[in-house]
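Just below is one structure, and these are the notes that go with it.
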Amino acid sequence: TIERGAEAVRSQLKASLDALQTSYLDLYLIHWPVPVHHVSAYKTLIELKKEGLIKGIGVSNYAWEDYLELKAQPDIAREDLPLVNQIEINPFLYRPKTIANFEKEGVVMQSYRSLRDGKAMDDATLKSIAAEYPGRTVAQILGRWCVQHGFVYMPKSIKPERMMENANVLDFSLSEEHMKTLDGLTT
C-alpha cells in the first residue's frame, strides 16, 4: 500500500477503522520499510495522528538504518518517532545489538514469530530446558524468554487451548543459566 502514496495509506487506515468499527486506533504500524516510500508513508501517519485517527505510530521489520532514516528527517519531531518496532525475535533470531539500539531510543520491541511458527517445538535444547520446569511446554519457555527480556510477546494460534497455554508465561521465571543458553541459540 505505501508505495501507492498518501491517499492509499489514508484509505487503508479508513478500511481498518471501518472493519474494527472504531473512530481511532491506539497504535498503527507500517508493516515494511519499502525503500523510497516508507518515509513519506510515515509522514502521512503523523498527519493521521494529528487528525486524531491514530494515537501512536509504530513500525515493523525496521532495521536500525531504516529508523535512522526516519530520525534524520528534519520535519519528523522526536515525539513522532516510532513507539514500537515489531521484528522477529526468538532465541533462534536474537539480535541484542539491534534491540539495544532501539531500546536506547525508547522504542518498545515487539516480537513476532516468538514461537517460530511451531518449528522449534522439537528442538532438543528447548525440550531439555522445558523438562526442568514441571508442567511447562516448549512454547511457554519461548514465551517466557521474550517476557523476561522485556519484549512485547504476542503469540499466534487459532486453537483456544494453545492460546491459554501461550498466555501462561507470567507465573514462573527462567534461570540465568537457561536464559544464556537460549540467548546463544542464534547461529
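Letters A, B, ... mark the chains of the C-alpha cells in the order given; residue numbers begin at 1 per chain; ligand numbers begin at 1, in order shown.
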
Excluding A:His178 and its own-chain neighbours fewer than 6 positions away, which residues fall within 10 Å of it when counting only C-alpha atoms? Please give them as a PyMOL selection string.
chain A and resi 125-126+129-130+132+141+145+184

Output N, CA, C and O atoms of each residue in that selection to a file, as a PDB file, in the first residue's frame.
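The resulting out-v2.pdb:
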```pdb
ATOM      1  N   THR A 125      17.416 -28.670  22.771  1.00  0.00           N
ATOM      2  CA  THR A 125      17.765 -27.727  23.841  1.00  0.00           C
ATOM      3  C   THR A 125      16.512 -27.193  24.515  1.00  0.00           C
ATOM      4  O   THR A 125      16.427 -27.153  25.750  1.00  0.00           O
ATOM      5  N   LEU A 126      15.544 -26.802  23.723  1.00  0.00           N
ATOM      6  CA  LEU A 126      14.292 -26.286  24.295  1.00  0.00           C
ATOM      7  C   LEU A 126      13.556 -27.356  25.095  1.00  0.00           C
ATOM      8  O   LEU A 126      13.033 -27.080  26.184  1.00  0.00           O
ATOM      9  N   ILE A 129      15.316 -27.816  28.454  1.00  0.00           N
ATOM     10  CA  ILE A 129      15.013 -26.725  29.388  1.00  0.00           C
ATOM     11  C   ILE A 129      13.586 -26.862  29.908  1.00  0.00           C
ATOM     12  O   ILE A 129      13.339 -26.739  31.117  1.00  0.00           O
ATOM     13  N   ALA A 130      12.634 -27.115  29.029  1.00  0.00           N
ATOM     14  CA  ALA A 130      11.234 -27.259  29.447  1.00  0.00           C
ATOM     15  C   ALA A 130      11.082 -28.376  30.474  1.00  0.00           C
ATOM     16  O   ALA A 130      10.290 -28.249  31.420  1.00  0.00           O
ATOM     17  N   GLU A 132      12.927 -29.082  32.811  1.00  0.00           N
ATOM     18  CA  GLU A 132      13.349 -28.622  34.140  1.00  0.00           C
ATOM     19  C   GLU A 132      12.309 -27.725  34.811  1.00  0.00           C
ATOM     20  O   GLU A 132      12.514 -27.292  35.949  1.00  0.00           O
ATOM     21  N   ILE A 141       8.311 -21.882  27.338  1.00  0.00           N
ATOM     22  CA  ILE A 141       9.712 -21.492  27.531  1.00  0.00           C
ATOM     23  C   ILE A 141      10.063 -20.369  26.556  1.00  0.00           C
ATOM     24  O   ILE A 141      10.676 -19.367  26.941  1.00  0.00           O
ATOM     25  N   TRP A 145      10.942 -16.529  27.694  1.00  0.00           N
ATOM     26  CA  TRP A 145      12.205 -15.913  27.273  1.00  0.00           C
ATOM     27  C   TRP A 145      11.942 -14.490  26.770  1.00  0.00           C
ATOM     28  O   TRP A 145      12.648 -13.554  27.128  1.00  0.00           O
ATOM     29  N   GLY A 184      22.023 -17.983  23.296  1.00  0.00           N
ATOM     30  CA  GLY A 184      23.084 -18.496  22.449  1.00  0.00           C
ATOM     31  C   GLY A 184      22.628 -19.370  21.296  1.00  0.00           C
ATOM     32  O   GLY A 184      23.459 -19.895  20.543  1.00  0.00           O
TER      33      GLY A 184
END
```

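For the pair atom CA of A:Glu47 and atom CA of A:Gln86, the separation is 21.6 Å.
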
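All residues within stretch 8-181 of chain A that the backbone DSSP calculation assigns to strand (DSSP E or B) are Leu25, Asp26, Leu27, Tyr28, Leu29, Ile30, Ile54, Lys55, Gly56, Ile57, Gly58, Val59, Ser60, Val84, Asn85, Gln86, Ile87, Glu88, Asn90, Leu93, Val108, Met109, Gln110, Ser111, Tyr112, Val152 and Tyr153 of chain A.
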
Selection export as an mmCIF file, in the first residue's frame, atoms kept: N, CA, C and O atoms:
```cif
data_model
loop_
_atom_site.group_PDB
_atom_site.id
_atom_site.type_symbol
_atom_site.label_atom_id
_atom_site.label_comp_id
_atom_site.auth_asym_id
_atom_site.auth_seq_id
_atom_site.Cartn_x
_atom_site.Cartn_y
_atom_site.Cartn_z
ATOM 1 N N LEU A 25 -7.362 4.349 16.292
ATOM 2 C CA LEU A 25 -6.575 3.200 16.722
ATOM 3 C C LEU A 25 -5.508 3.678 17.698
ATOM 4 O O LEU A 25 -4.924 4.747 17.519
ATOM 5 N N ASP A 26 -5.268 2.890 18.719
ATOM 6 C CA ASP A 26 -4.233 3.232 19.690
ATOM 7 C C ASP A 26 -2.850 3.163 19.075
ATOM 8 O O ASP A 26 -1.976 3.951 19.418
ATOM 9 N N LEU A 27 -2.632 2.204 18.192
ATOM 10 C CA LEU A 27 -1.322 2.015 17.581
ATOM 11 C C LEU A 27 -1.505 1.510 16.156
ATOM 12 O O LEU A 27 -2.293 0.594 15.909
ATOM 13 N N TYR A 28 -0.768 2.118 15.229
ATOM 14 C CA TYR A 28 -0.836 1.714 13.826
ATOM 15 C C TYR A 28 0.594 1.576 13.332
ATOM 16 O O TYR A 28 1.423 2.466 13.554
ATOM 17 N N LEU A 29 0.900 0.457 12.681
ATOM 18 C CA LEU A 29 2.263 0.166 12.259
ATOM 19 C C LEU A 29 2.406 0.164 10.745
ATOM 20 O O LEU A 29 1.512 -0.296 10.038
ATOM 21 N N ILE A 30 3.559 0.637 10.292
ATOM 22 C CA ILE A 30 3.965 0.422 8.903
ATOM 23 C C ILE A 30 4.567 -0.973 8.876
ATOM 24 O O ILE A 30 5.483 -1.273 9.643
ATOM 25 N N ILE A 54 -5.131 8.145 14.847
ATOM 26 C CA ILE A 54 -4.122 7.233 15.402
ATOM 27 C C ILE A 54 -3.582 7.897 16.656
ATOM 28 O O ILE A 54 -3.303 9.099 16.655
ATOM 29 N N LYS A 55 -3.414 7.135 17.716
ATOM 30 C CA LYS A 55 -2.824 7.680 18.948
ATOM 31 C C LYS A 55 -1.302 7.502 18.955
ATOM 32 O O LYS A 55 -0.583 8.329 19.487
ATOM 33 N N GLY A 56 -0.830 6.388 18.403
ATOM 34 C CA GLY A 56 0.599 6.115 18.366
ATOM 35 C C GLY A 56 0.985 5.454 17.060
ATOM 36 O O GLY A 56 0.177 4.752 16.442
ATOM 37 N N ILE A 57 2.239 5.667 16.649
ATOM 38 C CA ILE A 57 2.735 5.106 15.396
ATOM 39 C C ILE A 57 3.865 4.136 15.706
ATOM 40 O O ILE A 57 4.733 4.421 16.537
ATOM 41 N N GLY A 58 3.839 3.007 15.028
ATOM 42 C CA GLY A 58 4.906 2.036 15.158
ATOM 43 C C GLY A 58 5.360 1.570 13.792
ATOM 44 O O GLY A 58 4.798 1.952 12.761
ATOM 45 N N VAL A 59 6.398 0.757 13.810
ATOM 46 C CA VAL A 59 6.936 0.194 12.578
ATOM 47 C C VAL A 59 7.127 -1.306 12.767
ATOM 48 O O VAL A 59 7.113 -1.813 13.881
ATOM 49 N N SER A 60 7.305 -1.985 11.674
ATOM 50 C CA SER A 60 7.541 -3.421 11.699
ATOM 51 C C SER A 60 8.631 -3.738 10.688
ATOM 52 O O SER A 60 8.660 -3.149 9.598
ATOM 53 N N VAL A 84 7.009 1.677 18.714
ATOM 54 C CA VAL A 84 7.189 0.221 18.699
ATOM 55 C C VAL A 84 7.885 -0.183 17.403
ATOM 56 O O VAL A 84 7.636 0.419 16.356
ATOM 57 N N ASN A 85 8.747 -1.190 17.506
ATOM 58 C CA ASN A 85 9.258 -1.857 16.299
ATOM 59 C C ASN A 85 8.973 -3.341 16.471
ATOM 60 O O ASN A 85 9.465 -3.975 17.404
ATOM 61 N N GLN A 86 8.166 -3.872 15.587
ATOM 62 C CA GLN A 86 7.807 -5.286 15.624
ATOM 63 C C GLN A 86 8.726 -6.027 14.657
ATOM 64 O O GLN A 86 8.669 -5.816 13.450
ATOM 65 N N ILE A 87 9.601 -6.860 15.228
ATOM 66 C CA ILE A 87 10.517 -7.661 14.412
ATOM 67 C C ILE A 87 10.492 -9.099 14.915
ATOM 68 O O ILE A 87 10.015 -9.370 16.017
ATOM 69 N N GLU A 88 11.015 -9.991 14.109
ATOM 70 C CA GLU A 88 11.113 -11.367 14.577
ATOM 71 C C GLU A 88 12.156 -11.429 15.684
ATOM 72 O O GLU A 88 13.310 -11.037 15.496
ATOM 73 N N ASN A 90 13.247 -14.258 18.701
ATOM 74 C CA ASN A 90 13.144 -15.526 19.419
ATOM 75 C C ASN A 90 14.578 -16.007 19.632
ATOM 76 O O ASN A 90 15.512 -15.401 19.102
ATOM 77 N N LEU A 93 16.655 -16.210 16.522
ATOM 78 C CA LEU A 93 16.927 -14.968 15.798
ATOM 79 C C LEU A 93 16.915 -13.831 16.819
ATOM 80 O O LEU A 93 15.955 -13.079 16.961
ATOM 81 N N VAL A 108 9.857 0.470 21.979
ATOM 82 C CA VAL A 108 9.478 -0.822 22.555
ATOM 83 C C VAL A 108 9.630 -1.890 21.483
ATOM 84 O O VAL A 108 9.179 -1.705 20.344
ATOM 85 N N MET A 109 10.243 -2.989 21.849
ATOM 86 C CA MET A 109 10.434 -4.090 20.899
ATOM 87 C C MET A 109 9.314 -5.118 21.063
ATOM 88 O O MET A 109 9.080 -5.626 22.154
ATOM 89 N N GLN A 110 8.638 -5.389 19.958
ATOM 90 C CA GLN A 110 7.559 -6.370 19.950
ATOM 91 C C GLN A 110 8.003 -7.557 19.106
ATOM 92 O O GLN A 110 8.461 -7.391 17.985
ATOM 93 N N SER A 111 7.855 -8.730 19.678
ATOM 94 C CA SER A 111 8.283 -9.943 18.990
ATOM 95 C C SER A 111 7.155 -10.529 18.149
ATOM 96 O O SER A 111 6.042 -10.701 18.632
ATOM 97 N N TYR A 112 7.460 -10.811 16.897
ATOM 98 C CA TYR A 112 6.576 -11.689 16.138
ATOM 99 C C TYR A 112 7.380 -12.946 15.820
ATOM 100 O O TYR A 112 8.596 -12.947 15.878
ATOM 101 N N VAL A 152 7.561 -7.237 23.990
ATOM 102 C CA VAL A 152 6.128 -7.480 23.910
ATOM 103 C C VAL A 152 5.969 -8.822 23.206
ATOM 104 O O VAL A 152 6.460 -9.028 22.099
ATOM 105 N N TYR A 153 5.306 -9.736 23.877
ATOM 106 C CA TYR A 153 5.144 -11.114 23.408
ATOM 107 C C TYR A 153 3.713 -11.288 22.919
ATOM 108 O O TYR A 153 2.768 -11.117 23.677
#
```

Using only C-alpha atoms, find each residue of stretch 36-151 of chain A with at least one atom at most 8 Å away from an atom of stretch 1-8 of chain A; report its shortest atom-to-atom pair and that distance in Å (one decimal), sort the rows by chain and rising residue number, and return the result as CSV.
```
residue,atom,partner,partner_atom,distance
A:His37,CA,A:Glu3,CA,5.5
A:His38,CA,A:Ile2,CA,6.7
A:Ser40,CA,A:Ala6,CA,7.5
A:Ala41,CA,A:Ile2,CA,5.7
A:Thr44,CA,A:Ala6,CA,5.9
```

Listing only residues of stretch 103-157 of chain A within 12 Å of stretch 64-69 of chain A, what is the closest atom pair and its distance in Å (to one decimal) for each, using only C-alpha atoms, sorted by chain and residue number ascending, as CSV?
```
residue,atom,partner,partner_atom,distance
A:Glu103,CA,A:Trp64,CA,11.1
A:Lys104,CA,A:Trp64,CA,11.7
A:Glu105,CA,A:Tyr67,CA,10.0
A:Val107,CA,A:Tyr67,CA,10.1
```

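Considering only C-alpha atoms, the residue among A:Phe172, A:Arg10, A:Leu70, A:Pro82 positioned nearest to A:Pro134 is A:Phe172.
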
Per-residue nearest contacts of stretch 46-132 of chain A to stretch 157-164 of chain A (12 Å; only C-alpha atoms) as a Markdown table:
```
| residue | atom | partner | partner_atom | distance |
| --- | --- | --- | --- | --- |
| A:Arg113 | CA | A:Ser157 | CA | 11.0 |
| A:Ser114 | CA | A:Ser157 | CA | 11.5 |
| A:Leu115 | CA | A:Ser157 | CA | 9.9 |
| A:Arg116 | CA | A:Ser157 | CA | 11.6 |
| A:Asp117 | CA | A:Ser157 | CA | 9.0 |
| A:Gly118 | CA | A:Ser157 | CA | 9.8 |
```

Give me a file of those residues, with N, CA, C and O atoms, as a compact mmCIF listing (two decimals), in the first residue's frame.
```txt
# COMPACT_ATOMS: atom_id res chain seq x y z
N ARG A 113 6.69 -14.00 15.55
CA ARG A 113 7.28 -15.33 15.39
C ARG A 113 8.02 -15.75 16.66
O ARG A 113 9.05 -16.40 16.62
N SER A 114 7.49 -15.34 17.79
CA SER A 114 8.06 -15.71 19.09
C SER A 114 8.17 -17.23 19.22
O SER A 114 9.10 -17.74 19.84
N LEU A 115 7.20 -17.91 18.66
CA LEU A 115 7.16 -19.38 18.75
C LEU A 115 7.64 -20.04 17.46
O LEU A 115 7.47 -21.24 17.29
N ARG A 116 8.24 -19.27 16.57
CA ARG A 116 8.81 -19.76 15.32
C ARG A 116 7.81 -20.57 14.50
O ARG A 116 8.18 -21.56 13.87
N ASP A 117 6.56 -20.18 14.53
CA ASP A 117 5.51 -20.89 13.79
C ASP A 117 5.47 -22.37 14.14
O ASP A 117 5.13 -23.22 13.31
N GLY A 118 5.84 -22.70 15.36
CA GLY A 118 5.83 -24.09 15.81
C GLY A 118 7.00 -24.92 15.36
O GLY A 118 7.09 -26.11 15.67
```

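Taking atom CA of A:Ala72 as the reference point, atom CA of A:Gly106 is found at 16.3 Å.
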
Stretch 31-144 of chain A: which residues are helix (DSSP H, G or I) by DSSP, as a ChimeraX atom specification?
/A:38-50,64-71,78-80,96-104,116-118,124-131,138-144

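Interatomic distance, atom CA of A:Ala131 against atom CA of A:Pro155: 21.1 Å.
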
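Candidate residues A:Ala100, A:Gln21, A:His31, A:Ile76 were compared for distance to A:Gly150, and the nearest is A:Ala100, using only C-alpha atoms.
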
Looking at A:Val39, A:Val138, A:Phe102, A:Asp18, which one is nearest to A:Ala124, with distances taken over only C-alpha atoms?
A:Val138

Of A:His149, A:Thr137, A:Ala167, A:Leu53, the one nearest to A:Asp123 when counting only C-alpha atoms is A:Thr137
